[in-house]
Each structure stands twice: as structure tokens, then as C-alpha cells.
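Read the structure below first, then the notes.
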Number of protein chains: 2
Amino acid sequence: MSDVFNALSSPTRRQILSLLKARDMTAGDIADQLAVGKSTLSGHFNVLKSADLVTTERNGTTITYSLNTSVVEDVLAAVVGLLSNEEKETKGESDAPV
Amino acid sequence: MSDVFNALSSPTRRQILSLLKARDMTAGDIADQLAVGKSTLSGHFNVLKSADLVTTERNGTTITYSLNTSVVEDVLAAVVGLLSNEEKETKGESDAPV
DNA sequence: TCCTTATTTCGGTTATTAGCGAAATACAGA
DNA sequence: TCTGTATTTCGCTAATAACCGAAATAAGGA
């Protein structure tokens, strides 16, 4: 879950997810919409993939990214958990520097 | 909103919020439950306060922390936004290097 | 005023990451 | 095989943050 919240903590990555909410897009499509270099975007894609927030499919030379709504739903559940009075989370996991 | 997701990206801070979900606690109470130094925790408190996820009240020498559920609800809305098909967010804001 | 308790600030170390451009890789088509 | 397009990897720099212990601050009570 840390990975997911960390992925969501970047405005650029939230923008990517917002774009993908509307429709699946290739890396190039997304790069055309955002003001960061393609290599930088590639790094953001890796973060989003590690958090399982997006899925990918290669078609020829292009790679299409899609929003993974089931993981977004998991985030939702985690946040709702903070509002309800059940029990805990975060065991075993510990902070990495920054 | 970046501040909020960033605050939530740390397991230690999510643990603090989970503790506060059950009841208001002083910094010392929280320190007794977690395996990090008090100075480190103080840093985490600042992050949570900046994100407006907690509120504080001083009583004598102790400071009591409380969960700010209204901001948690804002997070909820932001995540729900990723699942619905309305429009965008993140304008003006840009990534700081980590 | 002095002492004790609670909490934060400071100084330092180490690890992580956003960003860039250039080079490398992957694939399709001629 | 060679070429062109799409995307990622690499090397780098600068900024941020988690952590610790020690020192500083805040407040109350003797």
C-alpha cells in the first residue's frame, strides 16, 4: 500500500492516471500531453506499474497503458479504513529513507 | 493533495493515523507504541500537520494529536475521482525532486 | 528560581528520486 | 538487412527526507 500512496503523491503521476481514466493511451500519447521528457515519463510509468496502478500491453512498437481500477478500489478501501473503527494495517513494512 | 498522499505514503505515518483513529493521543503515547525515536516522530507529526491530516492541542506540557477526518474524506473524494469519468485535477502544481 | 517532564529543533549521515539528454533496445516494414 | 519510430536504460545532478542522539525549548510544580 505504501507503493500505491507513494505513486499517488506525484502530481505528474496523478495527471497520467487522470488521462488514463478517460481512455487507454500509449506512452507517446501521454508524453504529448505532459511537459516532461520521455525518459522522465518512463520512470513515472515504472512507479505506476510497481504500484500496480496501470497495466501495459505491447502492440508492435507502441505500448498502451491502462488504468487498473481494481487497485484504485483498494486505495479507496484503505482510506475508508481510516474513517471506520475496525482494526489496523501496516505490519512488517517499514519506512525507507525518503 | 500531493501533501496528503505523500503523508500517507509512509507506513509509520499510516500507523500514527490508525492509532489516532481509535483515540486522541499525546506525542509521548504515540512514541510508546512505535519503534522510532521521538525526534523522528516529531518530523512525522510535522508532515501530518502540513497535510492537515491531524490537529493538535496543547494541555500543559503535553500536546494531544487528533485525526482530522474531514481531510481524510477529501482524499476519499480524490480517489473516487479516479474511478468516475468527470474531469481532471492537478493544475499549477508540479513535482519537487523527491 | 530550580527541577522534572514533554516535545521540538539542530547537525549530520545515508538513501531515494525527479529531471535531463544521449545512447541503447524493440519492433515493423521496405 | 537497413531504416525509422517508440520506448527504455544509463549517467548525471540537485533536492528531499528518514533516521539518530544531543541540545534547546515549553510548561508546571516544589
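Numbering starts fresh at 1 for the residues of each chain in the C-alpha cells, the chains themselves are lettered A, B, ... in the order given, and ligands are numbered from 1 as they appear.
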Excluding same-chain residues fewer than 3 positions from Leu19 in chain B, what lies within 10 Å of it counting only C-alpha atoms (C1' of nucleotides), as a PDB file with N, CA and C atoms, in the first residue's frame?
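New file around-v4.pdb:
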```pdb
ATOM      1  N   LEU A  82      -9.539   4.382   7.411  1.00  0.00           N
ATOM      2  CA  LEU A  82      -9.136   5.428   8.356  1.00  0.00           C
ATOM      3  C   LEU A  82     -10.345   6.137   8.960  1.00  0.00           C
ATOM      4  N   GLU A  87      -9.919  -2.528  12.615  1.00  0.00           N
ATOM      5  CA  GLU A  87      -8.523  -2.560  13.049  1.00  0.00           C
ATOM      6  C   GLU A  87      -7.467  -2.429  11.973  1.00  0.00           C
ATOM      7  N   LYS A  88      -6.416  -2.035  12.370  1.00  0.00           N
ATOM      8  CA  LYS A  88      -5.084  -1.757  11.875  1.00  0.00           C
ATOM      9  C   LYS A  88      -4.659  -2.195  10.467  1.00  0.00           C
TER      10      LYS A  88
ATOM     11  N   ARG B  13       3.622   6.769   9.264  1.00  0.00           N
ATOM     12  CA  ARG B  13       2.579   7.788   9.406  1.00  0.00           C
ATOM     13  C   ARG B  13       1.191   7.178   9.319  1.00  0.00           C
ATOM     14  N   ARG B  14       1.036   6.146   8.513  1.00  0.00           N
ATOM     15  CA  ARG B  14      -0.280   5.494   8.478  1.00  0.00           C
ATOM     16  C   ARG B  14      -0.561   4.822   9.813  1.00  0.00           C
ATOM     17  N   GLN B  15       0.492   4.314  10.437  1.00  0.00           N
ATOM     18  CA  GLN B  15       0.315   3.709  11.763  1.00  0.00           C
ATOM     19  C   GLN B  15      -0.135   4.756  12.770  1.00  0.00           C
ATOM     20  N   ILE B  16       0.477   5.934  12.690  1.00  0.00           N
ATOM     21  CA  ILE B  16       0.083   7.024  13.585  1.00  0.00           C
ATOM     22  C   ILE B  16      -1.394   7.340  13.388  1.00  0.00           C
ATOM     23  N   ALA B  22      -8.458   5.414  16.683  1.00  0.00           N
ATOM     24  CA  ALA B  22      -9.078   4.834  17.877  1.00  0.00           C
ATOM     25  C   ALA B  22      -9.322   5.889  18.955  1.00  0.00           C
ATOM     26  N   ARG B  23      -8.318   6.743  19.179  1.00  0.00           N
ATOM     27  CA  ARG B  23      -8.492   7.783  20.201  1.00  0.00           C
ATOM     28  C   ARG B  23      -7.413   8.844  20.052  1.00  0.00           C
ATOM     29  N   ASP B  24      -7.680  10.025  20.545  1.00  0.00           N
ATOM     30  CA  ASP B  24      -6.677  11.080  20.557  1.00  0.00           C
ATOM     31  C   ASP B  24      -5.512  10.637  21.444  1.00  0.00           C
ATOM     32  N   MET B  25      -4.305  11.040  21.071  1.00  0.00           N
ATOM     33  CA  MET B  25      -3.130  10.614  21.843  1.00  0.00           C
ATOM     34  C   MET B  25      -2.105  11.739  21.894  1.00  0.00           C
ATOM     35  N   ASP B  29       2.476   9.219  24.037  1.00  0.00           N
ATOM     36  CA  ASP B  29       1.677   7.998  23.908  1.00  0.00           C
ATOM     37  C   ASP B  29       2.024   7.284  22.604  1.00  0.00           C
ATOM     38  N   ILE B  30       2.081   8.080  21.546  1.00  0.00           N
ATOM     39  CA  ILE B  30       2.348   7.503  20.235  1.00  0.00           C
ATOM     40  C   ILE B  30       3.764   6.945  20.180  1.00  0.00           C
ATOM     41  N   GLN B  33       4.221   3.513  21.359  1.00  0.00           N
ATOM     42  CA  GLN B  33       3.674   2.435  20.526  1.00  0.00           C
ATOM     43  C   GLN B  33       4.555   2.126  19.322  1.00  0.00           C
ATOM     44  N   SER B  66      -5.015  14.690  17.166  1.00  0.00           N
ATOM     45  CA  SER B  66      -6.299  14.114  16.765  1.00  0.00           C
ATOM     46  C   SER B  66      -6.341  13.966  15.247  1.00  0.00           C
ATOM     47  N   LEU B  67      -7.036  12.939  14.803  1.00  0.00           N
ATOM     48  CA  LEU B  67      -7.228  12.718  13.367  1.00  0.00           C
ATOM     49  C   LEU B  67      -8.221  13.741  12.817  1.00  0.00           C
TER      50      LEU B  67
END
```
Chain B least-squares fitted onto chain A over all paired Cα atoms, as a short mmCIF file (atom, residue, chain, number, x, y, z; two decimals) with C-alpha atoms, in the first residue's frame:
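Generated output (superposed-v4.cif):
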```
data_model
loop_
_atom_site.label_atom_id
_atom_site.label_comp_id
_atom_site.auth_asym_id
_atom_site.auth_seq_id
_atom_site.Cartn_x
_atom_site.Cartn_y
_atom_site.Cartn_z
CA MET B 1 0.01 0.02 0.03
CA SER B 2 2.96 2.36 0.57
CA ASP B 3 3.84 1.92 -3.08
CA VAL B 4 0.37 2.97 -4.10
CA PHE B 5 0.20 6.09 -1.94
CA ASN B 6 3.71 6.99 -2.98
CA ALA B 7 2.72 6.65 -6.62
CA LEU B 8 -0.25 8.92 -5.98
CA SER B 9 1.88 11.54 -4.25
CA SER B 10 3.22 12.90 -7.54
CA PRO B 11 1.04 15.40 -9.43
CA THR B 12 2.54 14.23 -12.69
CA ARG B 13 1.56 10.66 -11.96
CA ARG B 14 -1.92 11.68 -10.91
CA GLN B 15 -2.19 13.51 -14.21
CA ILE B 16 -1.19 10.35 -16.03
CA LEU B 17 -3.88 8.43 -14.18
CA SER B 18 -6.44 11.10 -14.99
CA LEU B 19 -5.57 10.81 -18.66
CA LEU B 20 -5.89 7.03 -18.50
CA LYS B 21 -9.22 7.34 -16.74
CA ALA B 22 -10.64 8.77 -19.96
CA ARG B 23 -9.04 6.25 -22.31
CA ASP B 24 -6.10 3.91 -22.75
CA MET B 25 -3.07 5.70 -24.17
CA THR B 26 0.40 4.93 -25.48
CA ALA B 27 3.48 6.32 -23.77
CA GLY B 28 3.86 8.73 -26.68
CA ASP B 29 0.27 9.95 -26.41
CA ILE B 30 0.83 10.71 -22.77
CA ALA B 31 4.16 12.40 -23.43
CA ASP B 32 2.40 14.74 -25.87
CA GLN B 33 0.08 15.89 -23.09
CA LEU B 34 2.65 16.49 -20.39
CA ALA B 35 5.58 18.85 -20.05
CA VAL B 36 8.26 16.36 -19.04
CA GLY B 37 10.81 14.41 -21.05
CA LYS B 38 10.05 10.92 -22.26
CA SER B 39 12.78 9.39 -20.16
CA THR B 40 11.31 11.03 -17.10
CA LEU B 41 7.89 9.74 -17.99
CA SER B 42 9.27 6.28 -18.41
CA GLY B 43 10.38 6.48 -14.79
CA HIS B 44 6.89 7.52 -13.74
CA PHE B 45 5.44 4.58 -15.65
CA ASN B 46 7.67 2.23 -13.72
CA VAL B 47 6.44 3.66 -10.44
CA LEU B 48 2.84 3.26 -11.53
CA LYS B 49 3.48 -0.28 -12.73
CA SER B 50 5.21 -1.24 -9.49
CA ALA B 51 2.19 0.03 -7.60
CA ASP B 52 0.04 -1.98 -10.00
CA LEU B 53 -1.97 1.12 -10.78
CA VAL B 54 -1.57 0.62 -14.52
CA THR B 55 -1.26 -2.33 -16.87
CA THR B 56 0.55 -2.42 -20.21
CA GLU B 57 0.15 -4.11 -23.53
CA ARG B 58 2.60 -3.97 -26.38
CA ASN B 59 1.29 -3.62 -29.92
CA GLY B 60 4.16 -3.50 -32.37
CA THR B 61 6.44 -0.65 -31.36
CA THR B 62 3.93 1.05 -29.14
CA ILE B 63 2.98 0.23 -25.57
CA THR B 64 -0.50 1.02 -24.38
CA TYR B 65 -1.15 1.92 -20.76
CA SER B 66 -4.44 1.30 -18.99
CA LEU B 67 -5.71 2.27 -15.55
CA ASN B 68 -6.06 -0.67 -13.17
CA THR B 69 -9.27 0.27 -11.42
CA SER B 70 -9.19 -2.68 -9.04
CA VAL B 71 -6.12 -1.29 -7.29
CA VAL B 72 -7.69 2.15 -7.17
CA GLU B 73 -10.53 0.45 -5.36
CA ASP B 74 -8.04 -1.01 -2.89
CA VAL B 75 -6.82 2.51 -2.13
CA LEU B 76 -10.37 3.53 -1.57
CA ALA B 77 -10.80 0.75 0.97
CA ALA B 78 -7.62 1.77 2.78
CA VAL B 79 -8.79 5.36 3.08
CA VAL B 80 -12.24 4.33 4.18
CA GLY B 81 -10.46 2.25 6.81
CA LEU B 82 -9.13 5.45 8.33
CA LEU B 83 -12.65 6.68 8.81
CA SER B 84 -14.15 3.53 10.27
CA ASN B 85 -13.29 2.04 13.63
CA GLU B 86 -12.05 -1.43 12.89
CA GLU B 87 -8.45 -2.45 13.17
CA LYS B 88 -5.04 -1.65 12.01
CA GLU B 89 -2.71 -2.20 9.07
CA THR B 90 1.02 -1.70 8.34
CA LYS B 91 2.75 -4.66 9.81
CA GLY B 92 6.23 -5.71 8.80
CA GLU B 93 6.59 -2.81 6.47
CA SER B 94 8.92 0.01 7.47
CA ASP B 95 9.95 3.35 6.02
CA ALA B 96 12.76 3.60 3.58
CA PRO B 97 14.66 6.88 3.75
CA VAL B 98 12.60 8.97 1.45
#
```
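The space between C1' of DC10 in chain C and C1' of DA15 in chain D spans 19.4 Å.
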Open item on the list: Which residues are close to DG11 in chain D, i.e. within 12 Å by only C-alpha atoms (C1' of nucleotides), leaving aside same-chain residues fewer than 2 positions away? Reply as a PyMOL selection string.
Closed with: (chain C and resi 20-23) or (chain D and resi 9+13)
Go ahead and save the picked residues with N, CA and C atoms (P, O5', C5', C4', C3', O3' and C1' of nucleotides), as a PDB file, in the first residue's frame.
```
ATOM      1  P    DC C  20      12.416  17.112 -17.841  1.00  0.00           P
ATOM      2  O5'  DC C  20      13.943  16.993 -18.289  1.00  0.00           O
ATOM      3  C5'  DC C  20      14.796  18.127 -18.127  1.00  0.00           C
ATOM      4  C4'  DC C  20      16.202  17.746 -18.561  1.00  0.00           C
ATOM      5  C3'  DC C  20      16.240  17.127 -19.946  1.00  0.00           C
ATOM      6  O3'  DC C  20      16.606  18.120 -20.895  1.00  0.00           O
ATOM      7  C1'  DC C  20      17.577  15.888 -18.378  1.00  0.00           C
ATOM      8  P    DG C  21      16.443  17.768 -22.461  1.00  0.00           P
ATOM      9  O5'  DG C  21      17.813  17.046 -22.864  1.00  0.00           O
ATOM     10  C5'  DG C  21      19.062  17.603 -22.457  1.00  0.00           C
ATOM     11  C4'  DG C  21      20.176  16.643 -22.833  1.00  0.00           C
ATOM     12  C3'  DG C  21      20.100  16.133 -24.275  1.00  0.00           C
ATOM     13  O3'  DG C  21      21.435  15.947 -24.759  1.00  0.00           O
ATOM     14  C1'  DG C  21      19.908  14.308 -22.792  1.00  0.00           C
ATOM     15  P    DA C  22      21.692  15.519 -26.274  1.00  0.00           P
ATOM     16  O5'  DA C  22      22.370  14.072 -26.099  1.00  0.00           O
ATOM     17  C5'  DA C  22      23.378  13.907 -25.077  1.00  0.00           C
ATOM     18  C4'  DA C  22      23.799  12.454 -25.044  1.00  0.00           C
ATOM     19  C3'  DA C  22      23.879  11.791 -26.421  1.00  0.00           C
ATOM     20  O3'  DA C  22      24.952  10.855 -26.422  1.00  0.00           O
ATOM     21  C1'  DA C  22      22.286  10.662 -25.096  1.00  0.00           C
ATOM     22  P    DA C  23      25.361  10.074 -27.741  1.00  0.00           P
ATOM     23  O5'  DA C  23      25.070   8.554 -27.354  1.00  0.00           O
ATOM     24  C5'  DA C  23      25.538   8.078 -26.084  1.00  0.00           C
ATOM     25  C4'  DA C  23      24.855   6.772 -25.754  1.00  0.00           C
ATOM     26  C3'  DA C  23      24.868   5.746 -26.894  1.00  0.00           C
ATOM     27  O3'  DA C  23      25.265   4.499 -26.360  1.00  0.00           O
ATOM     28  C1'  DA C  23      22.660   6.070 -26.111  1.00  0.00           C
TER      29       DA C  23
ATOM     30  P    DT D   9      13.800  -0.157 -18.837  1.00  0.00           P
ATOM     31  O5'  DT D   9      15.319   0.285 -19.098  1.00  0.00           O
ATOM     32  C5'  DT D   9      16.112  -0.449 -20.020  1.00  0.00           C
ATOM     33  C4'  DT D   9      17.502   0.173 -20.089  1.00  0.00           C
ATOM     34  C3'  DT D   9      18.178   0.386 -18.727  1.00  0.00           C
ATOM     35  O3'  DT D   9      19.540  -0.022 -18.863  1.00  0.00           O
ATOM     36  C1'  DT D   9      18.112   2.423 -19.896  1.00  0.00           C
ATOM     37  P    DT D  13      27.703  14.881 -11.872  1.00  0.00           P
ATOM     38  O5'  DT D  13      26.359  15.718 -11.625  1.00  0.00           O
ATOM     39  C5'  DT D  13      25.855  16.560 -12.650  1.00  0.00           C
ATOM     40  C4'  DT D  13      24.661  17.319 -12.107  1.00  0.00           C
ATOM     41  C3'  DT D  13      24.870  17.840 -10.675  1.00  0.00           C
ATOM     42  O3'  DT D  13      24.378  19.168 -10.591  1.00  0.00           O
ATOM     43  C1'  DT D  13      22.947  16.480 -10.754  1.00  0.00           C
TER      44       DT D  13
END
```
TODO: From range 34-79 of chain B, collect each residue whose DSSP state is strand (DSSP E or B) and return the set as a PyMOL selection string.
DONE: chain B and resi 54-59+62-67
Open item on the list: Which of chain B end up as alpha helix (DSSP H) when DSSP is run on this backbone - answer as a ChimeraX atom specification?
Closed with: /B:2-8,11-22,27-33,38-50,69-83
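If we count only C-alpha atoms (C1' of nucleotides), these residues of chain D sit within 7 Å of chain A: DA6, DT8, DT16, DA17 and DA18 of chain D.
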Selected residues written out, N, CA and C atoms (P, O5', C5', C4', C3', O3' and C1' of nucleotides), as a PDB file, in the first residue's frame:
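Everything below was put into part23.pdb:
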```
ATOM      1  P    DA D   6       6.398   7.234 -33.454  1.00  0.00           P
ATOM      2  O5'  DA D   6       6.728   6.168 -32.321  1.00  0.00           O
ATOM      3  C5'  DA D   6       6.170   4.859 -32.395  1.00  0.00           C
ATOM      4  C4'  DA D   6       6.526   4.099 -31.129  1.00  0.00           C
ATOM      5  C3'  DA D   6       6.345   4.916 -29.842  1.00  0.00           C
ATOM      6  O3'  DA D   6       5.645   4.121 -28.900  1.00  0.00           O
ATOM      7  C1'  DA D   6       8.581   4.093 -30.000  1.00  0.00           C
ATOM      8  P    DT D   8       8.374   2.675 -21.843  1.00  0.00           P
ATOM      9  O5'  DT D   8       9.912   2.267 -21.774  1.00  0.00           O
ATOM     10  C5'  DT D   8      10.292   0.974 -22.220  1.00  0.00           C
ATOM     11  C4'  DT D   8      11.791   0.806 -22.046  1.00  0.00           C
ATOM     12  C3'  DT D   8      12.295   1.022 -20.619  1.00  0.00           C
ATOM     13  O3'  DT D   8      13.151  -0.067 -20.291  1.00  0.00           O
ATOM     14  C1'  DT D   8      13.517   2.380 -22.116  1.00  0.00           C
ATOM     15  P    DT D  16      13.935  20.781  -2.019  1.00  0.00           P
ATOM     16  O5'  DT D  16      13.600  19.323  -1.446  1.00  0.00           O
ATOM     17  C5'  DT D  16      12.945  18.392  -2.301  1.00  0.00           C
ATOM     18  C4'  DT D  16      12.784  17.076  -1.569  1.00  0.00           C
ATOM     19  C3'  DT D  16      12.359  17.220  -0.109  1.00  0.00           C
ATOM     20  O3'  DT D  16      11.254  16.353   0.083  1.00  0.00           O
ATOM     21  C1'  DT D  16      14.280  15.846  -0.278  1.00  0.00           C
ATOM     22  P    DA D  17      10.424  16.412   1.414  1.00  0.00           P
ATOM     23  O5'  DA D  17      10.947  15.113   2.177  1.00  0.00           O
ATOM     24  C5'  DA D  17      10.884  13.866   1.526  1.00  0.00           C
ATOM     25  C4'  DA D  17      11.570  12.821   2.378  1.00  0.00           C
ATOM     26  C3'  DA D  17      11.227  12.921   3.875  1.00  0.00           C
ATOM     27  O3'  DA D  17      11.076  11.603   4.355  1.00  0.00           O
ATOM     28  C1'  DA D  17      13.547  13.003   3.589  1.00  0.00           C
ATOM     29  P    DA D  18      10.015  11.299   5.492  1.00  0.00           P
ATOM     30  O5'  DA D  18      10.684  10.059   6.230  1.00  0.00           O
ATOM     31  C5'  DA D  18      11.195   8.975   5.469  1.00  0.00           C
ATOM     32  C4'  DA D  18      12.249   8.256   6.283  1.00  0.00           C
ATOM     33  C3'  DA D  18      11.995   8.258   7.787  1.00  0.00           C
ATOM     34  O3'  DA D  18      12.217   6.947   8.308  1.00  0.00           O
ATOM     35  C1'  DA D  18      14.119   9.219   7.316  1.00  0.00           C
TER      36       DA D  18
END
```
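The spacing separating C1' of DA24 in chain D from C1' of DT1 in chain C amounts to 19.2 Å.
The residues of chain C lying at most 7 Å from chain B, with only C-alpha atoms (C1' of nucleotides) taken into account, are DA6, DT8, DT17 and DA18 of chain C.
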